[in-house]
Amino acid sequence: MADAVCRVLRDGALEGEHATSLTIYDSVDSPFGPVVFDYIFTHLSSFISSGKSQSRGIVLVAFSRSPSFTSELLRNRGIDIGTSHEWLRVLDCYTDPLGWKERIKDHGAIKTPLTEASDNVSLCKDVRNLNHLFSLILTLGKGLVEDGKNRFAVAIDSLSEMVRYASLSSVACLLSNLRSHAQVSSIFWLLHSDLHDTKAVASFEYMSSMVANVKPLTTENIDNFSLLEQNYKRGHFHASLKRRNGRVRVMREEFFIDNSLIKFTSMVAAGENAVAQSLVPKVQFNLQLSDKERNDRAKVVLPFEHQETGKSVQIYDGRKSGKHESIVVPVEEVKKHEGSGRGEIIYFRDSDDEMPDSDEDPDDDLDI
Amino acid sequence: MASSKVRTSSFSRKVPAAPTSSIPGLKYGPNGTIFLSSGIPDLDKILGGGFHLGSLVMIVEDTEAPHHMLLLRTFMSQGLIHNQPVLYASPSKNPRAFLGTLPATLVSKDDKSLKSDSEQKDLRIAWQYKKYLGENKPPIEERDGKVEYCNDFDLRKPIEKHLIAGNRVECVSLLDHSSLAGIRDSCSKFLSQLPRYDGNITSAGRFAIQSFCAPQCEYYDKEWDMLSFIRSIKSMVRSSNAVAFITFPASLVSPSVSKRWQHLADTLLSVKAIPDEDKELATLLTGYQDMLGLLSIHKVARFNTQVPVILDATTYSMKLQKRRSLVLECLNQAPVDGSSGSSYGTSGGCSSSSNTGGLDF
């Protein structure tokens with residue numbers, strides 16, 4: 001379902017909505033976050049370069065890869081680098097994030113090689129100033145698509161690096177500003193979940209409309225080497241999408257790594273009852289009536305209801321004993337039915353020396 | 001026997017007539033409390049009349065779903081329709097943009113309330129005292145044609161422009177203030193316009209904060225500051241004629257702070273997202289297709305009384321009726337397949353509701 005995630009990023013946001021945003025999590029147990037990031041980045045790039053997406057360009061904020069890596073990656077995946085200056089801009093925060101090389105160069109202490117002079121790549125020398133970073137991203141993006149209705153996408157290579165340089169709330173502020181900017185169509189970022197506390201992880205999840213989690217196959221403490229090895233080649237990919245109707249779509253896939261290429265396969269559904277059970281603590285039986293049931297109920301004839309109308313009513317009382325008289329004389333009828341009935345009187349003698357004359361039916365004495 | 005006169009026996013239940021409020025939008029309740037409507041008729045009914053004036057209402061958000069915005073919207077729209085002053089604070093740079101998404105009232109041909117009343121008239125009792133039944137019917141609430149206490153909102157139609165024009169709604173952005181002192185000042189200024197005296201009330205106000213602990217805010221790390229802010233809001237609201245309505249995503253603050261926060265609330269509600277295309281849930285609940293999400297009621301405010309409210313059900317499903325108005329329904333279990341024999345813990349619900357029914361004297 002990684003392709004579904006790519007499609008949502010491709011389709012972007014509607015007018016007036018916040019940009020769709022994706023968080024990719026991984027951890028040391030299954031460190032394939034960057035691979036998934038590359039997969040999504042290349043897919044989105046191919047959509048953008050072929051004009052199939054809402055965004056006309058993509059700005060990559062690279063904290064943990066050099067720009068040459070990106071061009072290599074695109075070339076390997078078969079995306080035309082030649083036209084990349086039309087739709088790709090890279091903000092290089094990897095080479096010299098705090099401006100140290102600049103300062104050392106000024107002092108003449110070392111001779112640094114020329115940084116890549118490419119028209120795609122801009123260097124950022126102060127990543128601690130997030131306002132400056134925000135304006136840089138916007139200028140790059142607007143340079144790609146020109147002002148107006150056109151939109152661009154933003155990819156942040158590693159948010160973990162960014163959070164290292166700046167406070168959590170300022171990073172969150174930057175992300176929310178990007179999301180609410182009218183020209184940003186979609187934005188996605190990578191995060192290593194075990195480097196941050198739960199509050200940070202939860203706040204980035206809060207700001208994303210999709211969350212993708214890269215998990216290992218098995219999480220137990222494994223002594224079995226072969227199983228451990230499996231974790232280095234395969235894993236689970238969990239994605240949850242927040243849909244526009246307010247519901248959450250959860251998807252699960254397996255993936256395996258083959259020569260730094262990742263392939264997704266669908267998973268055999270394990271079936272989780274936990275969610276359903278936790279949501280339904282005390283559920284009553286349905287006591288409401290549907291329309292059909294209401295109509296049927298209206299047709300039922302209740303006994304004694306039409307007492308004063310004097311009509312005769314057919315009452316079904318369980319015994320198919322022919323026609324009943326009207327209800328005006330209900331009492332005698334009931335008794336008669338009871339008397340002529342199935343009841344029996346069983347007589348137990350008190351003692352054996354009673355005169356054996358009482359075996360006859362005591363009613364015989366009556367003169368009727 | 002003609003029964004035109006009112007039959008009074010020595011055992012007739014004496015229901016003290018509640019004073020009808022002259023101010024639209026306020027309702028007098030038992031024990032000298034006054035209610036404001038939440039904007040959702042079903043919710044008002046569940047809470048026993050609405051939100052208490054002077055109370056603090058907390059909504060625990062679910063990070064996966066925006067249902068708290070629905071509650072916020074109906075709350076604010078109801079206030080605007082009743083001409084009550086509204087203060088709205090949100091962690092966005094332009095909070096005024098949210099006002100465009102407030103819903104307008106539903107104009108419908110068939111009134112929902114009439115339907116329920118006629119159903120009661122159709123109650124057929126199979127006994128011969130039907131002719132005496134007419135006197136014992138409970139008095140039906142008079143529906144003033146002009147202003148209703150709680151309106152049905154059409155969530156697809158935006159509110160009329162004149163209601164949000166000008167400065168009727170005061171908007172504050174939580175991003176403008178690096179510390180909470182600035183926000184507290186604007187709140188106290190707003191609430192000081194609505195002081196509470198023992199005499200008659202002239203007006204009541206509504207005060208809403210959306211996503212109070214959003215990570216964009218600069219005070220996000222200062223959890224104890226946020227708690228003391230909430231506490232001061234609670235005390236300010238208690239001594240004024242207003243209802244404070246705060247939503248916050250509980251998973252974004254540490255668990256102990258979140259618990260303390262929830263305890264500070266007078267009325268505590270929470271919303272929860274439901275998974276999409278979940279076959280398990282579809283077989284478990286009826287009406288799963290129409291459900292937007294779940295609303296749980298954890299705490300209901302009780303002023304001037306020691307008697308708590310025990311609800312029949314605490315979790316309701318939120319649905320859109322005819323895609324327009326929000327209704328809350330009890331969760332109903334779908335018929336369980338007889339052969340399987342297992343049901344998901346339903347016995348508790350049925351027996352407890354019958355118990356509370358028995359206590360109703």
# chains A, B, ... in the order shown; residues from 1 in each chain; ligands from 1

$ select_by_dssp --residues "stretch 10-155 of chain A" --states "strand (DSSP E or B)" --output "ChimeraX atom specification"
/A:20-27,30,55-62,88-92,121-123,151-155

$ write_last_selection --atoms "N, CA and C atoms" --output "CSV table (one decimal), in the first residue's frame"
chain,number,residue,atom,x,y,z
A,20,THR,N,-1.5,17.7,2.3
A,20,THR,CA,-1.4,16.4,2.9
A,20,THR,C,0.0,16.2,3.4
A,21,SER,N,0.2,15.5,4.5
A,21,SER,CA,1.5,15.4,5.0
A,21,SER,C,1.7,13.9,5.5
A,22,LEU,N,2.9,13.4,5.3
A,22,LEU,CA,3.2,12.1,5.6
A,22,LEU,C,4.4,12.0,6.6
A,23,THR,N,4.3,11.2,7.6
A,23,THR,CA,5.4,11.0,8.5
A,23,THR,C,5.9,9.5,8.3
A,24,ILE,N,7.2,9.3,8.0
A,24,ILE,CA,7.7,8.0,7.9
A,24,ILE,C,8.5,7.7,9.1
A,25,TYR,N,8.2,6.7,9.9
A,25,TYR,CA,8.9,6.3,11.1
A,25,TYR,C,9.7,5.1,10.8
A,26,ASP,N,10.9,5.1,11.5
A,26,ASP,CA,11.5,3.8,11.5
A,26,ASP,C,12.3,3.7,12.9
A,27,SER,N,12.9,2.6,13.1
A,27,SER,CA,13.7,2.5,14.4
A,27,SER,C,14.9,1.6,14.1
A,30,SER,N,14.4,-1.9,12.6
A,30,SER,CA,14.2,-2.0,11.2
A,30,SER,C,14.5,-0.7,10.5
A,55,SER,N,1.3,18.9,-7.8
A,55,SER,CA,2.5,19.7,-7.6
A,55,SER,C,3.2,19.8,-8.9
A,56,ARG,N,3.8,20.9,-9.2
A,56,ARG,CA,4.6,21.1,-10.4
A,56,ARG,C,6.1,20.9,-10.1
A,57,GLY,N,6.4,20.9,-8.8
A,57,GLY,CA,7.9,20.8,-8.5
A,57,GLY,C,8.0,20.2,-7.1
A,58,ILE,N,9.2,19.9,-6.8
A,58,ILE,CA,9.4,19.4,-5.4
A,58,ILE,C,10.7,20.0,-4.9
A,59,VAL,N,10.7,20.3,-3.6
A,59,VAL,CA,11.8,20.9,-2.9
A,59,VAL,C,12.3,19.9,-1.9
A,60,LEU,N,13.5,19.5,-2.0
A,60,LEU,CA,14.0,18.5,-1.1
A,60,LEU,C,15.0,19.2,-0.1
A,61,VAL,N,14.6,19.1,1.1
A,61,VAL,CA,15.5,19.7,2.2
A,61,VAL,C,16.3,18.5,2.7
A,62,ALA,N,17.6,18.5,2.3
A,62,ALA,CA,18.4,17.4,2.6
A,62,ALA,C,19.3,17.6,3.8
A,88,LEU,N,12.9,20.1,-9.8
A,88,LEU,CA,13.5,19.8,-8.5
A,88,LEU,C,14.5,20.8,-8.0
A,89,ARG,N,14.4,21.1,-6.7
A,89,ARG,CA,15.3,22.0,-6.1
A,89,ARG,C,15.8,21.3,-4.8
A,90,VAL,N,17.0,21.3,-4.5
A,90,VAL,CA,17.6,20.7,-3.3
A,90,VAL,C,18.1,21.8,-2.4
A,91,LEU,N,17.7,21.8,-1.2
A,91,LEU,CA,18.2,22.7,-0.2
A,91,LEU,C,19.2,21.9,0.6
A,92,ASP,N,20.5,22.2,0.4
A,92,ASP,CA,21.5,21.4,1.0
A,92,ASP,C,21.8,21.8,2.4
A,121,VAL,N,20.9,23.2,-6.7
A,121,VAL,CA,21.2,23.1,-5.3
A,121,VAL,C,21.5,24.4,-4.6
A,122,SER,N,20.9,24.7,-3.5
A,122,SER,CA,21.2,25.9,-2.7
A,122,SER,C,21.7,25.4,-1.4
A,123,LEU,N,22.7,26.2,-0.9
A,123,LEU,CA,23.3,25.8,0.3
A,123,LEU,C,22.6,26.6,1.5
A,151,ARG,N,1.4,24.7,-7.4
A,151,ARG,CA,1.9,24.3,-6.1
A,151,ARG,C,3.1,23.4,-6.2
A,152,PHE,N,3.8,23.3,-5.1
A,152,PHE,CA,4.9,22.4,-5.1
A,152,PHE,C,4.9,21.5,-3.9
A,153,ALA,N,5.7,20.5,-3.9
A,153,ALA,CA,5.8,19.5,-2.8
A,153,ALA,C,7.1,19.8,-2.1
A,154,VAL,N,7.1,19.4,-0.8
A,154,VAL,CA,8.3,19.5,0.0
A,154,VAL,C,8.6,18.2,0.6
A,155,ALA,N,9.9,17.8,0.6
A,155,ALA,CA,10.3,16.6,1.2
A,155,ALA,C,11.5,16.9,2.2

$ select_by_dssp --residues "stretch 88-331 of chain B" --states "alpha helix (DSSP H)" --output "ChimeraX atom specification"
/B:112-121,161-164,180-192,223-238,255-264,279-284

$ closest_residue --among "A:Asp29, A:Glu17, A:Asp157, A:Asp258" --to "chain B" --atoms "only C-alpha atoms"
A:Glu17

$ closest_residue --among "B:Gln306, B:Ser92, B:Ser186, B:Asn83" --to "chain A" --atoms "only C-alpha atoms"
B:Ser92

$ atom_distance --atom1 "atom CA of B:Arg196" --atom2 "atom CA of B:Gly49"
20.3 Å

$ atom_distance --atom1 "atom CA of B:Leu331" --atom2 "atom CA of B:Ser317"
6.2 Å
